[in-house]
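J.: So here's run32.cif (mmCIF, C-alpha atoms and all ligand atoms).
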```
data_data
loop_
_atom_site.label_atom_id
_atom_site.label_comp_id
_atom_site.auth_asym_id
_atom_site.auth_seq_id
_atom_site.Cartn_x
_atom_site.Cartn_y
_atom_site.Cartn_z
CA MET A 1 0.00 0.00 0.00
CA ARG A 2 2.75 2.40 1.00
CA PHE A 3 4.65 1.45 -2.15
CA ILE A 4 1.63 2.27 -4.31
CA ASN A 5 1.22 5.66 -2.62
CA LEU A 6 4.87 6.39 -3.24
CA PHE A 7 4.45 5.36 -6.83
CA PHE A 8 1.54 7.77 -7.34
CA LEU A 9 3.38 10.57 -5.59
CA THR A 10 6.41 10.09 -7.88
CA ALA A 11 4.14 9.95 -10.91
CA LEU A 12 2.45 13.18 -9.79
CA ILE A 13 5.80 14.95 -9.30
CA LEU A 14 6.97 13.74 -12.70
CA LEU A 15 3.75 14.95 -14.30
CA LYS A 16 4.16 18.34 -12.62
CA VAL A 17 7.76 18.64 -13.86
CA THR A 18 6.71 17.64 -17.37
CA SER A 19 3.94 20.21 -17.48
CA LEU A 20 6.30 22.88 -16.14
CA ASN A 21 8.73 22.05 -18.91
CA ALA A 22 5.96 22.29 -21.45
CA GLN A 23 5.14 25.76 -20.17
CA THR A 24 8.67 27.12 -20.28
CA ASN A 25 9.42 25.71 -23.74
CA LYS A 26 7.74 28.10 -26.11
CA ILE A 27 7.00 26.82 -29.59
CA LEU A 28 9.11 28.72 -32.12
CA PHE A 29 7.75 26.96 -35.13
CA SER A 30 5.18 24.35 -35.97
CA GLN A 31 4.42 22.85 -39.34
CA ASP A 32 2.14 20.12 -40.61
CA LEU A 33 4.34 17.70 -42.54
CA ARG A 34 4.17 14.38 -44.30
CA PHE A 35 7.08 12.22 -45.31
CA LYS A 36 7.47 8.87 -46.97
CA SER A 37 9.64 6.01 -45.74
CA ASP A 38 9.40 2.34 -46.76
CA SER A 39 6.52 3.27 -49.07
CA THR A 40 4.28 4.39 -46.20
CA THR A 41 3.33 8.02 -45.72
CA HIS A 42 3.62 9.46 -42.22
CA TYR A 43 1.54 12.45 -41.24
CA GLY A 44 2.22 14.71 -38.31
CA LYS A 45 3.31 18.00 -36.90
CA LEU A 46 6.91 19.11 -36.38
CA LEU A 47 7.38 21.42 -33.40
CA LEU A 48 10.55 23.43 -32.75
CA TYR A 49 10.92 24.86 -29.22
CA ASP A 50 12.84 27.95 -28.19
CA ASP A 51 15.62 25.83 -26.66
CA PHE A 52 15.97 24.39 -30.21
CA SER A 53 14.75 20.96 -29.18
CA SER A 54 12.18 19.49 -31.52
CA GLU A 55 9.30 17.09 -31.33
CA TRP A 56 7.45 15.05 -33.91
CA ILE A 57 3.77 14.59 -33.10
CA VAL A 58 2.13 11.86 -35.15
CA SER A 59 -1.15 13.14 -36.42
CA SER A 60 -4.34 11.20 -36.23
CA ARG A 61 -5.75 13.73 -38.64
CA SER A 62 -3.83 12.39 -41.62
CA ASN A 63 -6.99 12.68 -43.72
CA GLU A 64 -7.23 16.37 -42.92
CA ILE A 65 -3.60 17.00 -43.88
CA SER A 66 -3.88 15.10 -47.15
CA LYS A 67 -7.11 17.00 -47.83
CA LYS A 68 -5.20 20.26 -47.31
CA ASP A 69 -2.46 19.07 -49.65
CA SER A 70 -4.90 18.14 -52.37
CA LEU A 71 -6.67 21.52 -51.97
CA ARG A 72 -3.25 23.15 -52.40
CA ASP A 73 -2.71 21.13 -55.60
CA VAL A 74 -6.10 22.23 -56.94
CA LEU A 75 -5.34 25.88 -56.12
CA ARG A 76 -1.95 25.58 -57.82
CA LYS A 77 -3.71 24.48 -61.02
CA ILE A 78 -6.33 27.24 -60.75
CA SER A 79 -3.63 29.87 -60.15
CA SER A 80 -1.67 28.87 -63.26
CA LYS A 81 -4.67 29.79 -65.43
CA SER A 82 -5.96 32.80 -63.48
CA ASP A 83 -5.35 36.40 -64.59
CA ILE A 84 -4.84 37.31 -60.92
CA PHE A 85 -1.61 35.29 -60.81
CA THR A 86 -0.40 35.62 -64.38
CA LYS A 87 -0.81 39.35 -65.03
CA PHE A 88 1.31 42.01 -63.31
CA TRP A 89 3.10 39.31 -61.33
CA SER A 90 6.58 40.03 -59.98
CA ASN A 91 8.80 38.41 -57.35
CA THR A 92 11.05 41.50 -57.17
CA ASN A 93 8.90 44.60 -57.74
CA LEU A 94 6.79 45.56 -54.70
CA PHE A 95 4.13 47.36 -56.76
CA PRO A 96 3.75 45.77 -60.22
CA TYR A 97 0.28 47.08 -61.23
CA PRO A 98 -0.21 50.13 -63.47
CA LYS A 99 -1.32 53.25 -61.58
CA GLN A 100 -4.94 53.06 -60.36
CA VAL A 101 -7.41 55.84 -59.48
CA LEU A 102 -9.62 53.84 -57.15
CA HIS A 103 -10.60 56.90 -55.07
CA LYS A 104 -12.63 58.11 -58.07
CA MET A 105 -14.26 54.83 -59.14
CA THR A 106 -18.04 54.88 -59.55
CA ASP A 107 -18.58 51.10 -59.35
CA SER A 108 -17.84 48.77 -56.48
CA ILE A 109 -15.49 45.80 -56.66
CA GLU A 110 -16.74 42.50 -55.25
CA ILE A 111 -14.17 40.76 -53.06
CA ASN A 112 -14.94 37.22 -51.92
CA LEU A 113 -12.97 37.36 -48.67
CA THR A 114 -13.26 33.67 -47.82
CA LYS A 115 -12.76 32.28 -51.34
CA ASN A 116 -11.16 28.79 -51.32
CA SER A 117 -10.00 28.40 -47.73
CA GLY A 118 -11.46 30.98 -45.38
CA PHE A 119 -9.68 33.47 -43.18
CA HIS A 120 -7.00 33.48 -40.49
CA LEU A 121 -6.89 36.44 -38.08
CA PRO A 122 -3.53 38.32 -37.82
CA PRO A 123 -2.19 38.87 -34.24
CA ASN A 124 -4.88 41.01 -32.59
CA ASP A 125 -3.80 41.46 -28.95
CA HIS A 126 -3.05 45.12 -29.39
CA ILE A 127 -3.02 47.65 -32.23
CA PHE A 128 0.11 49.81 -31.78
CA SER A 129 -0.61 52.17 -34.59
CA PRO A 130 -3.61 52.36 -36.92
CA PHE A 131 -3.85 53.11 -40.64
CA GLY A 132 -3.67 56.83 -41.38
CA TRP A 133 -1.68 60.05 -41.49
CA ARG A 134 1.37 59.74 -39.24
CA ARG A 135 4.57 61.82 -38.95
CA ASN A 136 3.90 63.68 -42.22
CA ARG A 137 3.18 60.58 -44.31
CA GLN A 138 0.48 58.01 -44.80
CA HIS A 139 0.91 54.90 -42.64
CA LYS A 140 -0.34 52.37 -45.18
CA GLY A 141 -0.75 49.50 -42.77
CA ILE A 142 -1.63 48.69 -39.22
CA ASP A 143 0.97 47.86 -36.53
CA LEU A 144 0.10 44.79 -34.46
CA ASP A 145 1.85 43.77 -31.25
CA LEU A 146 3.81 40.53 -31.15
CA ASN A 147 6.91 38.90 -29.64
CA ILE A 148 9.97 38.04 -31.70
CA GLY A 149 9.53 34.48 -32.95
CA ASP A 150 5.73 34.44 -32.89
CA THR A 151 4.29 32.33 -35.69
CA LEU A 152 2.65 34.33 -38.48
CA ARG A 153 0.11 32.84 -40.85
CA SER A 154 -1.47 33.82 -44.15
CA ALA A 155 -4.78 35.68 -43.71
CA PHE A 156 -6.33 34.20 -46.86
CA SER A 157 -5.44 31.54 -49.43
CA GLY A 158 -3.15 32.67 -52.22
CA LYS A 159 0.25 32.58 -53.87
CA VAL A 160 3.41 34.08 -52.37
CA ARG A 161 4.41 36.97 -54.64
CA PHE A 162 7.37 38.31 -52.64
CA ALA A 163 9.47 36.85 -49.80
CA ASP A 164 12.72 38.70 -49.30
CA PHE A 165 14.48 41.46 -47.37
CA ASN A 166 13.40 44.97 -48.39
CA ASN A 167 15.75 47.85 -47.55
CA GLY A 168 13.06 50.51 -47.97
CA GLY A 169 11.91 50.00 -44.37
CA TYR A 170 9.80 46.84 -44.53
CA GLY A 171 12.71 44.59 -43.49
CA ASN A 172 11.94 40.92 -44.11
CA LEU A 173 8.72 41.10 -46.08
CA VAL A 174 6.16 38.62 -47.32
CA ILE A 175 3.56 39.66 -49.89
CA ILE A 176 0.80 37.20 -50.71
CA ARG A 177 -1.59 37.71 -53.59
CA HIS A 178 -4.92 36.09 -52.80
CA PHE A 179 -7.56 34.31 -54.84
CA ASN A 180 -9.96 37.07 -53.79
CA GLY A 181 -7.80 39.64 -55.63
CA LEU A 182 -6.37 41.35 -52.53
CA GLU A 183 -2.74 41.35 -51.47
CA THR A 184 -1.54 41.22 -47.87
CA TYR A 185 1.86 42.51 -46.71
CA TYR A 186 3.62 41.16 -43.60
CA ALA A 187 6.65 43.30 -42.65
CA HIS A 188 9.54 43.36 -40.13
CA LEU A 189 9.61 39.52 -39.91
CA ASP A 190 12.45 37.78 -38.10
CA LYS A 191 12.41 34.77 -40.44
CA LEU A 192 10.71 33.93 -43.71
CA ILE A 193 9.40 30.37 -43.91
CA ILE A 194 7.84 30.30 -47.39
CA GLN A 195 9.31 30.82 -50.85
CA PRO A 196 8.11 33.04 -53.69
CA ASN A 197 5.42 31.31 -55.80
CA ASP A 198 4.39 28.88 -53.00
CA ILE A 199 0.66 28.23 -52.75
CA VAL A 200 -0.69 28.92 -49.24
CA LEU A 201 -4.02 28.29 -47.57
CA ALA A 202 -5.49 30.65 -44.98
CA GLY A 203 -3.66 29.82 -41.74
CA ASP A 204 -0.51 28.37 -43.36
CA ILE A 205 2.71 29.44 -41.63
CA ILE A 206 4.62 32.10 -43.60
CA GLY A 207 7.23 33.39 -41.12
CA LEU A 208 8.18 34.43 -37.60
CA GLY A 209 7.49 37.88 -36.18
CA GLY A 210 10.39 40.28 -35.60
CA GLU A 211 11.69 43.84 -35.81
CA THR A 212 13.76 43.93 -39.03
CA GLY A 213 13.77 47.06 -41.19
CA ARG A 214 12.45 50.40 -39.92
CA ALA A 215 10.79 49.13 -36.73
CA LEU A 216 10.92 50.49 -33.19
CA GLY A 217 10.50 47.22 -31.37
CA PRO A 218 8.91 43.94 -32.45
CA HIS A 219 5.60 44.23 -34.28
CA LEU A 220 3.82 43.14 -37.42
CA HIS A 221 3.23 45.87 -39.99
CA PHE A 222 0.22 44.45 -41.84
CA GLU A 223 -1.08 45.94 -45.08
CA VAL A 224 -4.02 45.06 -47.28
CA ARG A 225 -3.90 46.33 -50.87
CA TYR A 226 -6.00 46.06 -54.00
CA LYS A 227 -3.95 46.49 -57.21
CA ASP A 228 -1.16 48.06 -55.15
CA VAL A 229 -3.43 50.63 -53.46
CA ALA A 230 -3.58 50.21 -49.69
CA PHE A 231 -6.76 50.54 -47.67
CA ASN A 232 -7.49 50.24 -43.94
CA SER A 233 -7.63 46.54 -42.99
CA GLN A 234 -10.03 47.56 -40.20
CA ASN A 235 -12.61 48.09 -42.98
CA ILE A 236 -12.68 44.31 -43.50
CA ILE A 237 -11.43 42.93 -40.15
CA ASP A 238 -12.88 43.53 -36.68
CA TYR A 239 -9.71 43.03 -34.61
CA ASP A 240 -11.60 43.25 -31.28
CA LYS A 241 -14.01 40.47 -32.13
CA GLY A 242 -11.49 38.60 -34.28
CA VAL A 243 -13.83 38.27 -37.26
CA LEU A 244 -14.28 39.54 -40.80
CA LYS A 245 -16.59 42.48 -41.47
CA PRO A 246 -18.24 41.50 -44.76
CA SER A 247 -20.75 43.67 -46.64
CA ALA A 248 -22.75 40.53 -47.47
CA ASN A 249 -22.76 36.75 -47.09
CA TYR A 250 -23.57 34.35 -49.95
CA ASN A 251 -23.30 30.55 -49.87
CA ASN A 252 -21.07 30.58 -46.76
CA ASN A 253 -18.76 33.14 -48.37
CA SER A 254 -18.06 36.57 -46.86
CA ILE A 255 -18.29 39.23 -49.56
CA TYR A 256 -16.90 42.75 -49.22
CA TYR A 257 -17.68 45.51 -51.71
CA LEU A 258 -14.71 47.82 -52.16
CA THR A 259 -15.86 51.35 -53.00
CA LYS A 260 -14.14 54.70 -53.48
CA SER A 261 -14.62 55.43 -49.78
CA ASP A 262 -12.05 52.69 -48.97
CA PHE A 263 -9.54 54.76 -50.94
CA SER A 264 -10.68 58.27 -49.99
CA TRP A 265 -7.41 58.78 -48.05
CA VAL A 266 -5.63 59.09 -51.44
CA ASP A 267 -7.79 62.12 -52.27
CA VAL A 268 -7.18 63.69 -48.84
CA ASN A 269 -3.42 63.18 -49.23
CA ASN A 270 -3.36 64.62 -52.76
CA LYS A 271 -5.05 67.78 -51.44
CA ARG A 272 -2.63 67.88 -48.52
CA ALA A 273 0.34 67.54 -50.89
CA ALA A 274 -1.06 70.25 -53.21
CA ALA A 275 -1.46 72.61 -50.25
CA ASN A 276 2.09 71.81 -49.13
CA ASN A 277 3.46 72.54 -52.59
CA LYS A 278 1.78 75.96 -52.80
CA LYS A 279 4.25 78.84 -52.43
CA LYS A 280 4.05 80.41 -49.01
CA TYR A 281 5.72 83.56 -47.66
CA TYR A 282 6.40 84.83 -44.17
CA LYS A 283 7.14 88.31 -42.86
CA LEU A 284 9.85 88.26 -40.18
CA LYS A 285 8.90 89.63 -36.79
CA SER A 286 11.05 90.73 -33.84
CA GLY A 287 12.72 87.72 -32.20
CA ASP A 288 12.42 85.50 -35.30
CA TYR A 289 15.33 83.47 -36.60
CA ILE A 290 15.38 81.02 -39.50
CA GLY A 291 15.42 77.91 -37.29
CA LYS A 292 12.28 79.12 -35.48
CA VAL A 293 10.49 79.84 -38.79
CA ALA A 294 11.54 76.42 -40.13
CA VAL A 295 9.94 74.68 -37.13
CA LYS A 296 6.78 76.82 -37.48
CA TYR A 297 6.33 75.72 -41.11
CA ASN A 298 7.41 72.12 -40.55
CA THR A 299 10.46 72.47 -42.80
CA THR A 300 14.25 72.84 -42.42
CA VAL A 301 16.71 75.76 -42.51
CA LYS A 302 18.39 74.10 -45.50
CA LYS A 303 15.10 74.03 -47.45
CA ILE A 304 14.32 77.67 -46.63
CA LEU A 305 17.80 78.75 -47.81
CA LYS A 306 17.27 76.82 -51.06
CA LEU A 307 13.94 78.62 -51.63
CA ASN A 308 15.60 82.01 -50.99
CA PRO A 309 18.85 82.02 -53.00
CA LYS A 310 19.48 85.70 -52.20
CA LEU A 311 19.41 84.98 -48.45
CA LYS A 312 23.11 84.25 -47.89
CA ASN A 313 23.94 86.02 -44.66
CA LEU A 314 21.58 84.88 -41.88
CA ASN A 315 22.84 87.76 -39.67
CA SER A 316 21.56 90.38 -42.10
CA LEU A 317 17.87 89.44 -41.60
CA GLN A 318 15.61 92.45 -41.04
CA ILE A 319 12.31 92.73 -39.19
CA GLY A 320 9.59 93.05 -41.83
CA GLN A 321 11.64 91.19 -44.44
CA VAL A 322 9.55 88.68 -46.42
CA ILE A 323 10.98 85.21 -47.03
CA ARG A 324 9.58 82.22 -48.87
CA VAL A 325 8.96 79.23 -46.56
CA ARG A 326 7.39 76.80 -49.08
ZN ZN B 401 3.63 50.13 -39.57
#
```
So, in terms of structure tokens, how does the structure I just supplied come out?

T.:
Amino acid sequence: MRFINLFFLTALILLKVTSLNAQTNKILFSQDLRFKSDSTTHYGKLLLYDDFSSEWIVSSRSNEISKKDSLRDVLRKISSKSDIFTKFWSNTNLFPYPKQVLHKMTDSIEINLTKNSGFHLPPNDHIFSPFGWRRNRQHKGIDLDLNIGDTLRSAFSGKVRFADFNNGGYGNLVIIRHFNGLETYYAHLDKLIIQPNDIVLAGDIIGLGGETGRALGPHLHFEVRYKDVAFNSQNIIDYDKGVLKPSANYNNNSIYYLTKSDFSWVDVNNKRAAANNKKKYYKLKSGDYIGKVAVKYNTTVKKILKLNPKLKNLNSLQIGQVIRVR
């Protein structure tokens, strides 16, 4: 009897230790895999932990995995004949479409958000920075909180158009063009896990979160674009509830109608740029100096001097003198 009690106690302690280990070992990477040996196919999931140990979990859902693989094969065939994936396709150019004027369109564009394999929600714990005007330029995506090494997955099914480092600020960047016609951008990744031209289903792993490129701390910069023109992903995704925001539902598909209002920010920015480009003059008052005027008009001393070629000696400035500031 005492022996049995001791046995259970040891088993309990062991269980406790095992579960503690499971908690401290964070999964860096997990991927559904199948491999063949001795003419049998094995299905399972490969897990890589943050101490770089790995584990192979045999899947009882082999049917599901092979179903996914055959769906991927079907999508590969569809994509090879679809205009979406054969026209204006580039693995090197970020924006391959001809210039669009979507903010003036009179029609709406039907987007079947869940076409072919549904939707996978991007990290939604916390929105660092929304879509919109920020630090004198348009922030064309949404910044989502994550930890370095967090698994990132494709939002919709599609074909990987770009997977490479971008030195324009995106850092390690994945662009996926989707069967619904949209493109999603995933920037600042630590590692890229897919290759250009891979076919992905919604929820397939594409990379690990990071802070590469122009990023102040780890986050996902997530963009949604139609023919290269960005729009606010909060128009189609409710990040609080973790669901899509379709305009309509047909046959279990979530449909969104893109209209010019999704792209109205382009119009606002064009007006802003036109106003900024208009010539503007300023009459110097007592106590003014060029640096102060530059700050007032959101410009630099260098730019003001360039606009006023005659202004060589900053010490000779007079009260009442008119200078060009834009
Ligand atoms: Zn961003």

J.: Which residue gives the smallest distance to ligand ZN 401 (chain B) among A:Leu220, A:Ile255, A:Ala230, A:Ala274, with only C-alpha atoms and all ligand atoms counted?

T.: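 Nearest to ligand ZN 401 (chain B): A:Leu220.
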
J.: Could you list, as JSON, numbers by chain, all the residues within 8 Å of ligand ZN 401 (chain B), counting only C-alpha atoms and all ligand atoms?

T.: {"A": [129, 139, 140, 141, 142, 143, 215, 220, 221, 222]}

J.: Report, in Å with one decimal, the straight-line distance from CA of Leu173 (chain A) to CA of Pro218 (chain A).

T.: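 Rounded to one decimal, the two atoms are 13.9 Å apart.
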
J.: Here's a test: counting all atoms listed in the file, identify every protein, DNA and RNA residue with an atom at most 8 Å from (-8.5, 57.3, -42.5) in the file's coordinate frame, and state them as a PDB file with C-alpha atoms, in the frame of the given file.

T.:
```pdb
ATOM      1  CA  PHE A 131      -3.850  53.110 -40.640  1.00  0.00           C
ATOM      2  CA  GLY A 132      -3.670  56.830 -41.380  1.00  0.00           C
ATOM      3  CA  TRP A 133      -1.680  60.050 -41.490  1.00  0.00           C
ATOM      4  CA  ASN A 232      -7.490  50.240 -43.940  1.00  0.00           C
ATOM      5  CA  SER A 264     -10.680  58.270 -49.990  1.00  0.00           C
ATOM      6  CA  TRP A 265      -7.410  58.780 -48.050  1.00  0.00           C
TER       7      TRP A 265
END
```

J.: Suppose you want the space between CA of Arg134 (chain A) and CA of Arg214 (chain A); what is it in Å?

T.: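 These atoms are spaced 14.5 Å apart.
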
J.: Would you fill the gaps in region 143-164 of chain A so it has N, CA and C atoms, then print it as a PDB file, in the frame of the given file?

T.:
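And here's part27.pdb as it stands now:
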```pdb
ATOM      1  N   ASP A 143      -0.104  48.497 -37.299  1.00  0.00           N
ATOM      2  CA  ASP A 143       0.970  47.860 -36.530  1.00  0.00           C
ATOM      3  C   ASP A 143       0.368  47.013 -35.411  1.00  0.00           C
ATOM      4  N   LEU A 144       0.684  45.728 -35.423  1.00  0.00           N
ATOM      5  CA  LEU A 144       0.100  44.790 -34.460  1.00  0.00           C
ATOM      6  C   LEU A 144       1.185  44.236 -33.554  1.00  0.00           C
ATOM      7  N   ASP A 145       0.891  44.202 -32.272  1.00  0.00           N
ATOM      8  CA  ASP A 145       1.850  43.770 -31.250  1.00  0.00           C
ATOM      9  C   ASP A 145       2.156  42.280 -31.385  1.00  0.00           C
ATOM     10  N   LEU A 146       3.429  41.943 -31.234  1.00  0.00           N
ATOM     11  CA  LEU A 146       3.810  40.530 -31.150  1.00  0.00           C
ATOM     12  C   LEU A 146       5.165  40.401 -30.473  1.00  0.00           C
ATOM     13  N   ASN A 147       5.585  39.166 -30.172  1.00  0.00           N
ATOM     14  CA  ASN A 147       6.910  38.900 -29.640  1.00  0.00           C
ATOM     15  C   ASN A 147       7.762  38.330 -30.759  1.00  0.00           C
ATOM     16  N   ILE A 148       9.067  38.600 -30.687  1.00  0.00           N
ATOM     17  CA  ILE A 148       9.970  38.040 -31.700  1.00  0.00           C
ATOM     18  C   ILE A 148       9.823  36.518 -31.686  1.00  0.00           C
ATOM     19  N   GLY A 149       9.650  35.931 -32.839  1.00  0.00           N
ATOM     20  CA  GLY A 149       9.530  34.480 -32.950  1.00  0.00           C
ATOM     21  C   GLY A 149       8.101  33.978 -32.983  1.00  0.00           C
ATOM     22  N   ASP A 150       7.128  34.874 -32.801  1.00  0.00           N
ATOM     23  CA  ASP A 150       5.730  34.440 -32.890  1.00  0.00           C
ATOM     24  C   ASP A 150       5.418  33.956 -34.312  1.00  0.00           C
ATOM     25  N   THR A 151       4.634  32.901 -34.390  1.00  0.00           N
ATOM     26  CA  THR A 151       4.290  32.330 -35.690  1.00  0.00           C
ATOM     27  C   THR A 151       3.292  33.228 -36.418  1.00  0.00           C
ATOM     28  N   LEU A 152       3.579  33.532 -37.680  1.00  0.00           N
ATOM     29  CA  LEU A 152       2.650  34.330 -38.480  1.00  0.00           C
ATOM     30  C   LEU A 152       2.089  33.471 -39.605  1.00  0.00           C
ATOM     31  N   ARG A 153       0.806  33.686 -39.872  1.00  0.00           N
ATOM     32  CA  ARG A 153       0.110  32.840 -40.850  1.00  0.00           C
ATOM     33  C   ARG A 153      -0.592  33.694 -41.895  1.00  0.00           C
ATOM     34  N   SER A 154      -0.805  33.097 -43.063  1.00  0.00           N
ATOM     35  CA  SER A 154      -1.470  33.820 -44.150  1.00  0.00           C
ATOM     36  C   SER A 154      -2.930  34.090 -43.789  1.00  0.00           C
ATOM     37  N   ALA A 155      -3.402  35.317 -44.055  1.00  0.00           N
ATOM     38  CA  ALA A 155      -4.780  35.680 -43.710  1.00  0.00           C
ATOM     39  C   ALA A 155      -5.789  34.985 -44.621  1.00  0.00           C
ATOM     40  N   PHE A 156      -5.441  34.849 -45.903  1.00  0.00           N
ATOM     41  CA  PHE A 156      -6.330  34.200 -46.860  1.00  0.00           C
ATOM     42  C   PHE A 156      -5.499  33.214 -47.697  1.00  0.00           C
ATOM     43  N   SER A 157      -6.188  32.424 -48.538  1.00  0.00           N
ATOM     44  CA  SER A 157      -5.440  31.540 -49.430  1.00  0.00           C
ATOM     45  C   SER A 157      -4.868  32.356 -50.586  1.00  0.00           C
ATOM     46  N   GLY A 158      -3.755  31.909 -51.129  1.00  0.00           N
ATOM     47  CA  GLY A 158      -3.150  32.670 -52.220  1.00  0.00           C
ATOM     48  C   GLY A 158      -1.815  32.112 -52.648  1.00  0.00           C
ATOM     49  N   LYS A 159      -1.060  32.968 -53.353  1.00  0.00           N
ATOM     50  CA  LYS A 159       0.250  32.580 -53.870  1.00  0.00           C
ATOM     51  C   LYS A 159       1.256  33.630 -53.411  1.00  0.00           C
ATOM     52  N   VAL A 160       2.400  33.166 -52.897  1.00  0.00           N
ATOM     53  CA  VAL A 160       3.410  34.080 -52.370  1.00  0.00           C
ATOM     54  C   VAL A 160       4.029  34.855 -53.539  1.00  0.00           C
ATOM     55  N   ARG A 161       3.868  36.177 -53.535  1.00  0.00           N
ATOM     56  CA  ARG A 161       4.410  36.970 -54.640  1.00  0.00           C
ATOM     57  C   ARG A 161       5.817  37.466 -54.319  1.00  0.00           C
ATOM     58  N   PHE A 162       6.076  37.746 -53.032  1.00  0.00           N
ATOM     59  CA  PHE A 162       7.370  38.310 -52.640  1.00  0.00           C
ATOM     60  C   PHE A 162       7.738  37.751 -51.269  1.00  0.00           C
ATOM     61  N   ALA A 163       8.973  37.299 -51.117  1.00  0.00           N
ATOM     62  CA  ALA A 163       9.470  36.850 -49.800  1.00  0.00           C
ATOM     63  C   ALA A 163      10.951  37.122 -49.780  1.00  0.00           C
ATOM     64  N   ASP A 164      11.319  38.285 -49.249  1.00  0.00           N
ATOM     65  CA  ASP A 164      12.720  38.700 -49.300  1.00  0.00           C
ATOM     66  C   ASP A 164      12.928  39.877 -48.345  1.00  0.00           C
TER      67      ASP A 164
END
```
